[in-house]
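Participant: I am attaching a structure below and will ask some questions about it afterwards.
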Amino acid sequence: MTSSAFVNSNTIRAAFSSAMSVMYQTEVPAYGTLQTIVTDTNAAVLDADPELKASLKNHNELDRISDERHGAIRLGTADELHMMRRVFAIMGMFPVGYYDLGVAGIPVHSTAFRPTSHDALSANPFRVFTSLLRLELIQDEALRTQAVEILEQRQIFTNRAVTLVETAETNGGLTKSQADEFVSEVLETFRWHSDALVSFETYEKLHDAHRLIADVVSFRGPHINHLTPRTLDIDASQAAMPEYGIAAKAVIEGPPPRKCPILLRQTSFKALEEDVSFPDLDGTLKSRSHTARFGEIEQRGIALTAKGRALYDQTLNTVRAIITPAADGSNADEYMAALSKGFEAFPDDWRSLLDQELAYFKFSAVNGMESQSASLPDLIDAGAITFDPVVYEDFLPVSAAGIFQSNLGDKATETLQTTSSQDTFETALGTSVLNEFDHYAAIQAQSLETAMEALKA
């Protein structure tokens, strides 16, 4: 069969993202409300800023905004992660970055599966932040053994999904009917199940070890725990949430509001309490509640270089050494004021970010312009080359951890006494993760090379 008979991975990813959104809106109706808020906010931003709208359109990024979302799941075993990597590969999504959340008191390490090329991101920028539970961090040996046994007995993928993955790998793709079935079958892995695998007594022990351990081990599959649409103004979206009957978290995670947005800012509503049936030893069911899933909104800024990330981390750590946002929001105003003050040390204009090599940019030659200078600053000053921000497509450990903690109600966070284990994670994954700094640097370098060649033509 020729490759032309197979459905493009971008099309499969877009179909899966859409199906996931529909399913999650059914399971968590407030997610639909978030989408409405984001749609209205983005329309208002674009109407008020024609220059931004033109820039997004010129770089083929305008249409992607309304379809953009990321999800998050937590897996329990190396085999589950390995198979999930194969599933996402069929959708054109690949592991980027390694995140050790143990430093934030969360017993998982993670990667982000996402498209990597500009064309694929423009077609559909769906991402899934995928975490693997670190069972070795369960201190109670008997409970750890029990958790391993429970996870080894479950199968989170349908038999047909596994067969279709094998078919795609063998044949080099999926036909239209196979792709439609693939989306439907894989969606089952992410569906919420209100019947637990364990008794309530076991659930409580797992929960006492860590609530995320209970969330992963106690259920038949890694239910999607949130979907996140992208807003162009997260402060406006945050302010609008109460008007729609949604109680927003008190503090927006990430950097403060800026003229030149950097990295990622996130906000959300708190996790839902959902009814769960726990089986007793006598076969009867006990109804209790479980808290894990929530709704989130994000605003993306420019990708920072390693130098820029170091300055970001230093600035954020300095602020948090003075004041840490309380889970109940009681010091939210004080924290945001300190955050804004602290980030005055971080340049807030595009040219400074470029000249100080703090962020990544895409360069373009201006038609009709010629220049003999080989100096990039001179070419920019002369108007021969323009530069635009490279959108940050990934996640921040500190930002993600803050979202987890605030939404799951953690009152305090302690660093888990563990070392980063990227090698172990990549062994389970079956491949290495793409280094995000190398990836962004390559995008910038390629754009500069193309622009310089265009000036010589």
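Quick note on naming: the chains in the structure tokens go A, B, ... in the order shown, residues restart at 1 in each chain, and ligands are numbered from 1 in order of appearance.
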Apply DSSP to the backbone of this structure and, from segment 113-282 of chain A, keep only the residues in strand (DSSP E or B); write these as a ChimeraX atom specification.
Facilitator: /A:113-114,127-133,195,226-230,248,253,262,264-269,273-279
Participant: Per DSSP on the backbone, what are the alpha helix (DSSP H) residues of segment 170-373 of chain A, as a ChimeraX atom specification?
Facilitator: /A:170-171,176-187,200-209,211-217,234-240,306-322,332-342,350-355
Participant: What gap, in Å, lies between atom CA of Met84 of chain A and atom CA of Phe157 of chain A?
Facilitator: 9.0 Å
Participant: Write out as a list of chain:residue names each polymer residue whose atoms come within 6 Å of segment 40-53 of chain A, counting only C-alpha atoms; drop sequence neighbours fewer than 3 positions from it.
Facilitator: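 Surrounding residues, per the criterion: A:Ile37, A:Leu56, A:Leu232.
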Participant: Can you list, as number ranges by chain, every protein, DNA or RNA residue that comes within 9 Å of Val217 of chain A when you count only C-alpha atoms, leaving out same-chain residues fewer than 6 positions away?
Facilitator: A: 75-76, 147-148, 150-151, 197-198, 203, 206
Participant: Can you tell me which residues surround Val366 of chain A at a distance of at most 9 Å, considering only C-alpha atoms, apart from same-chain residues fewer than 4 positions away, and format the answer as number ranges by chain?
Facilitator: A: 370, 383-386, 451, 454-455
Participant: Using only C-alpha atoms, pick whichever of A:Phe269, A:Met23, A:Arg230, A:Val87 has the shortest atom-to-atom distance to Thr163 of chain A.
Facilitator: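 Of all the options, A:Val87 lies closest to Thr163 of chain A.
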Participant: Wanna dump the segment 42-82 of chain A-segment 388-391 of chain A contacts at 10 Å for me, each residue with its shortest atom pair and the distance in Å to one decimal, counting only C-alpha atoms, ordered by chain and number, as CSV?
Facilitator:
```
residue,atom,partner,partner_atom,distance
A:Ser55,CA,A:Asp388,CA,8.4
A:Leu56,CA,A:Asp388,CA,10.0
A:His59,CA,A:Asp388,CA,9.1
A:Glu61,CA,A:Val391,CA,9.7
```
Participant: Keeping C-alpha atoms for every residue in the selection just given, could you write it to a file as an mmCIF file, in the first residue's frame?
Facilitator:
```cif
data_model
loop_
_atom_site.group_PDB
_atom_site.id
_atom_site.type_symbol
_atom_site.label_atom_id
_atom_site.label_comp_id
_atom_site.auth_asym_id
_atom_site.auth_seq_id
_atom_site.Cartn_x
_atom_site.Cartn_y
_atom_site.Cartn_z
ATOM 1 C CA SER A 55 1.983 38.959 13.165
ATOM 2 C CA LEU A 56 0.193 35.741 14.098
ATOM 3 C CA HIS A 59 3.636 33.385 10.742
ATOM 4 C CA GLU A 61 -0.039 30.886 13.929
#
```
Participant: Taking only residues of segment 88-207 of chain A that have an atom at most 10 Å from an atom of segment 226-229 of chain A, what is each one's shortest atom pair and its distance in Å to one decimal, using only C-alpha atoms, in chain and number order, as CSV?
Facilitator:
```
residue,atom,partner,partner_atom,distance
A:Phe126,CA,A:Thr228,CA,9.9
A:Arg127,CA,A:Thr228,CA,9.6
A:Val128,CA,A:Leu227,CA,9.0
```
Participant: Output the selection as a PDB file, in the first residue's frame - all heavy atoms for each residue.
Facilitator:
```pdb
ATOM      1  N   PHE A 126      -1.476  20.098  19.637  1.00  0.00           N
ATOM      2  CA  PHE A 126      -1.894  19.334  20.807  1.00  0.00           C
ATOM      3  C   PHE A 126      -0.675  18.754  21.521  1.00  0.00           C
ATOM      4  O   PHE A 126       0.238  18.220  20.902  1.00  0.00           O
ATOM      5  CB  PHE A 126      -2.830  18.212  20.373  1.00  0.00           C
ATOM      6  CG  PHE A 126      -3.406  17.404  21.497  1.00  0.00           C
ATOM      7  CD1 PHE A 126      -4.078  18.015  22.539  1.00  0.00           C
ATOM      8  CD2 PHE A 126      -3.298  16.023  21.506  1.00  0.00           C
ATOM      9  CE1 PHE A 126      -4.629  17.274  23.576  1.00  0.00           C
ATOM     10  CE2 PHE A 126      -3.851  15.274  22.529  1.00  0.00           C
ATOM     11  CZ  PHE A 126      -4.512  15.893  23.562  1.00  0.00           C
ATOM     12  N   ARG A 127      -0.678  18.858  22.853  1.00  0.00           N
ATOM     13  CA  ARG A 127       0.404  18.336  23.676  1.00  0.00           C
ATOM     14  C   ARG A 127      -0.192  17.531  24.827  1.00  0.00           C
ATOM     15  O   ARG A 127      -1.278  17.855  25.297  1.00  0.00           O
ATOM     16  CB  ARG A 127       1.249  19.455  24.289  1.00  0.00           C
ATOM     17  CG  ARG A 127       1.613  20.598  23.381  1.00  0.00           C
ATOM     18  CD  ARG A 127       2.143  21.769  24.199  1.00  0.00           C
ATOM     19  NE  ARG A 127       2.450  22.929  23.387  1.00  0.00           N
ATOM     20  CZ  ARG A 127       1.551  23.826  22.984  1.00  0.00           C
ATOM     21  NH1 ARG A 127       0.285  23.694  23.322  1.00  0.00           N
ATOM     22  NH2 ARG A 127       1.920  24.854  22.252  1.00  0.00           N
ATOM     23  N   VAL A 128       0.537  16.538  25.291  1.00  0.00           N
ATOM     24  CA  VAL A 128       0.110  15.814  26.493  1.00  0.00           C
ATOM     25  C   VAL A 128       1.307  15.687  27.438  1.00  0.00           C
ATOM     26  O   VAL A 128       2.310  15.044  27.116  1.00  0.00           O
ATOM     27  CB  VAL A 128      -0.458  14.421  26.166  1.00  0.00           C
ATOM     28  CG1 VAL A 128      -0.855  13.712  27.469  1.00  0.00           C
ATOM     29  CG2 VAL A 128      -1.663  14.529  25.247  1.00  0.00           C
TER      30      VAL A 128
END
```
Participant: What does the structure give for the distance between atom CA of Tyr99 of chain A and atom CA of Pro125 of chain A, in Å to one decimal?
Facilitator: 19.9 Å
